[in-house]
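Notes to accompany the following structure.
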Amino acid sequence: MHNDIKKATEVLKAGGVILYPADTGWGIGCDATNREAIDRILSISQQENPSGMVVLMGNPALLERYVTEVPEIAWDLVEISTTPLTVIFPGAKNLASNLPGDDGSIAVRITREEFTVQLLQRFRKPLVFTSAVSGKNTTPVYFGEISEEVKEAADYIVEYGQNDANPFIDPGIIK
């Protein structure tokens with residue numbers, strides 16, 4: 001896992017796109033502050049706008065750096081949540097200008113999944129996460145569900161989790 005984190009961090013810092021496992025399955029991602037990398041993800045994922053993208057953070061203390069206001073209820077929800085929870089916040093800031101929705105909102109999830117938390121700690125910026133299945137709203141839970149087209153488009157594919165026979169996420173959260 002250590003080598004994967006090191007290589008993925010290098011690619012992210014260079015503005016690249018990675019294919020990686022997170023708390024809800026396999027996704028494609030990049031530096032959430034890099035406009036060009038987000039444009040590439042939009043193209044790879046065949047999305048016209050960033051509405052399907054989530055910003056992953058490893059620490060709730062970072063919320064105030066990237067959104068203008070964190071309601072008290074959001075702090076409570078993040079604290080008590082035992083499964084992945086995505087919260088839509090108004091007033092995104094310090095993120096790439098093409099990432100927030102037309103209304104300036106941003107979807108944020110504080111991840112607790114081990115690999116992603118370590119990657120975020122090393123990278124020191126939030127990551128974009130969107131489904132690794134082009135043009136669909138489903139997120140693959142197994143590496144084998146990802147098309148060759150998406151794999152070829154990524155600058156780096158994380159090895160961690162590729163051979164897992166069981167999804168590393170709670171199947172009860174996948175709808």
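For the structure tokens, the naming scheme is as follows: chains receive sequential letters (A, B, ...) according to their order of presentation, residues are indexed from 1 within each chain, and ligands are indexed from 1 in presentation order.
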Do you have, as CSV, the list of residues of stretch 138-170 of chain A lying at most 6 Å from stretch 16-36 of chain A, each with its nearest atom pair and that distance in Å to one decimal, counting only C-alpha atoms and ordered by chain then number?
residue,atom,partner,partner_atom,distance
A:Thr139,CA,A:Gly25,CA,5.9
A:Pro140,CA,A:Trp26,CA,5.5
A:Val141,CA,A:Gly25,CA,4.3
A:Ala154,CA,A:Ile18,CA,5.3
A:Asp155,CA,A:Val17,CA,5.3
A:Tyr156,CA,A:Ile18,CA,4.8
A:Ile157,CA,A:Leu19,CA,4.8
A:Val158,CA,A:Tyr20,CA,5.3
A:Ile169,CA,A:Asp23,CA,6.0
Those in chain A with helix (DSSP H, G or I) from DSSP, as an NGL selection string: :A and (2-13 or 35-44 or 50-52 or 60-66 or 72-80 or 114-123 or 143-145 or 148-153 or 171-173)
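The nearest approach to A:Asn3 among the residues A:Leu95, A:Pro100, A:Pro60, A:Gln118, with only C-alpha atoms taken into account, belongs to A:Gln118.
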Among stretch 60-98 of chain A, which ones does DSSP assign to strand (DSSP E or B) (computed from the backbone)? Answer as a ChimeraX atom specification. /A:67,86-89,92
Could you name the residues that touch A:Leu99 at 10 Å or less, counting only C-alpha atoms, but leaving out those on the same chain fewer than 3 positions away, as a list in words? Ala32, Thr33, Asn34, Arg35, Ile38, Asp39, Leu42, Asn49, Pro50, Ser51, Met53, Val54, Val55, Ala92, Leu95, Ala96, Asp102, Gly104, Ser105, Ile106, Ala107 and Val128 of chain A
Keeping only N, CA and C atoms, take the residues you just selected and write them out as a PDB file, in the first residue's frame.
ATOM      1  N   ALA A  32      -8.512  18.165  -6.320  1.00  0.00           N
ATOM      2  CA  ALA A  32      -9.751  18.955  -6.380  1.00  0.00           C
ATOM      3  C   ALA A  32      -9.500  20.439  -6.591  1.00  0.00           C
ATOM      4  N   THR A  33      -8.237  20.855  -6.630  1.00  0.00           N
ATOM      5  CA  THR A  33      -7.921  22.254  -6.876  1.00  0.00           C
ATOM      6  C   THR A  33      -7.363  22.479  -8.287  1.00  0.00           C
ATOM      7  N   ASN A  34      -7.323  21.424  -9.103  1.00  0.00           N
ATOM      8  CA  ASN A  34      -6.704  21.489 -10.423  1.00  0.00           C
ATOM      9  C   ASN A  34      -7.771  21.457 -11.522  1.00  0.00           C
ATOM     10  N   ARG A  35      -8.007  22.605 -12.133  1.00  0.00           N
ATOM     11  CA  ARG A  35      -9.049  22.752 -13.155  1.00  0.00           C
ATOM     12  C   ARG A  35      -8.839  21.820 -14.359  1.00  0.00           C
ATOM     13  N   ILE A  38      -9.644  18.182 -13.564  1.00  0.00           N
ATOM     14  CA  ILE A  38     -11.094  17.979 -13.462  1.00  0.00           C
ATOM     15  C   ILE A  38     -11.722  17.914 -14.849  1.00  0.00           C
ATOM     16  N   ASP A  39     -11.243  18.743 -15.774  1.00  0.00           N
ATOM     17  CA  ASP A  39     -11.730  18.662 -17.160  1.00  0.00           C
ATOM     18  C   ASP A  39     -11.460  17.272 -17.743  1.00  0.00           C
ATOM     19  N   LEU A  42     -13.984  14.835 -16.311  1.00  0.00           N
ATOM     20  CA  LEU A  42     -15.281  15.020 -16.961  1.00  0.00           C
ATOM     21  C   LEU A  42     -15.308  14.290 -18.303  1.00  0.00           C
ATOM     22  N   ASN A  49     -21.113  17.932 -16.633  1.00  0.00           N
ATOM     23  CA  ASN A  49     -20.853  18.869 -15.535  1.00  0.00           C
ATOM     24  C   ASN A  49     -20.388  18.070 -14.316  1.00  0.00           C
ATOM     25  N   PRO A  50     -19.846  18.738 -13.327  1.00  0.00           N
ATOM     26  CA  PRO A  50     -19.264  18.037 -12.187  1.00  0.00           C
ATOM     27  C   PRO A  50     -20.261  17.560 -11.132  1.00  0.00           C
ATOM     28  N   SER A  51     -21.552  17.525 -11.437  1.00  0.00           N
ATOM     29  CA  SER A  51     -22.541  17.167 -10.415  1.00  0.00           C
ATOM     30  C   SER A  51     -22.358  15.759  -9.859  1.00  0.00           C
ATOM     31  N   MET A  53     -19.489  14.449  -9.129  1.00  0.00           N
ATOM     32  CA  MET A  53     -18.207  14.387  -8.441  1.00  0.00           C
ATOM     33  C   MET A  53     -18.352  14.725  -6.967  1.00  0.00           C
ATOM     34  N   VAL A  54     -17.583  14.014  -6.177  1.00  0.00           N
ATOM     35  CA  VAL A  54     -17.550  14.236  -4.734  1.00  0.00           C
ATOM     36  C   VAL A  54     -16.131  14.642  -4.364  1.00  0.00           C
ATOM     37  N   VAL A  55     -16.007  15.544  -3.427  1.00  0.00           N
ATOM     38  CA  VAL A  55     -14.704  15.929  -2.897  1.00  0.00           C
ATOM     39  C   VAL A  55     -14.464  15.104  -1.641  1.00  0.00           C
ATOM     40  N   ALA A  92     -18.708  26.755  -2.066  1.00  0.00           N
ATOM     41  CA  ALA A  92     -17.388  26.143  -2.190  1.00  0.00           C
ATOM     42  C   ALA A  92     -16.332  27.234  -2.338  1.00  0.00           C
ATOM     43  N   LEU A  95     -11.302  25.645  -4.245  1.00  0.00           N
ATOM     44  CA  LEU A  95     -11.331  24.475  -5.106  1.00  0.00           C
ATOM     45  C   LEU A  95     -11.288  24.954  -6.550  1.00  0.00           C
ATOM     46  N   ALA A  96     -11.015  24.050  -7.470  1.00  0.00           N
ATOM     47  CA  ALA A  96     -11.004  24.426  -8.883  1.00  0.00           C
ATOM     48  C   ALA A  96     -12.341  25.055  -9.254  1.00  0.00           C
ATOM     49  N   ASP A 102     -23.455  24.838 -10.512  1.00  0.00           N
ATOM     50  CA  ASP A 102     -23.825  26.183 -10.985  1.00  0.00           C
ATOM     51  C   ASP A 102     -24.216  27.110  -9.840  1.00  0.00           C
ATOM     52  N   GLY A 104     -22.806  27.057  -6.926  1.00  0.00           N
ATOM     53  CA  GLY A 104     -21.659  27.216  -6.032  1.00  0.00           C
ATOM     54  C   GLY A 104     -21.547  26.141  -4.966  1.00  0.00           C
ATOM     55  N   SER A 105     -22.423  25.139  -5.018  1.00  0.00           N
ATOM     56  CA  SER A 105     -22.389  24.082  -4.012  1.00  0.00           C
ATOM     57  C   SER A 105     -21.382  22.996  -4.368  1.00  0.00           C
ATOM     58  N   ILE A 106     -21.017  22.215  -3.357  1.00  0.00           N
ATOM     59  CA  ILE A 106     -20.047  21.140  -3.540  1.00  0.00           C
ATOM     60  C   ILE A 106     -20.443  19.951  -2.660  1.00  0.00           C
ATOM     61  N   ALA A 107     -20.274  18.759  -3.202  1.00  0.00           N
ATOM     62  CA  ALA A 107     -20.528  17.531  -2.442  1.00  0.00           C
ATOM     63  C   ALA A 107     -19.230  17.116  -1.770  1.00  0.00           C
ATOM     64  N   VAL A 128     -10.872  14.554  -5.852  1.00  0.00           N
ATOM     65  CA  VAL A 128     -12.135  14.330  -6.538  1.00  0.00           C
ATOM     66  C   VAL A 128     -12.357  12.828  -6.588  1.00  0.00           C
TER      67      VAL A 128
END
Between atom CA of A:Leu12 and atom CA of A:Glu79, measure the distance and give it in Å to one decimal.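 Separation of atom CA of A:Leu12 and atom CA of A:Glu79: 28.3 Å.
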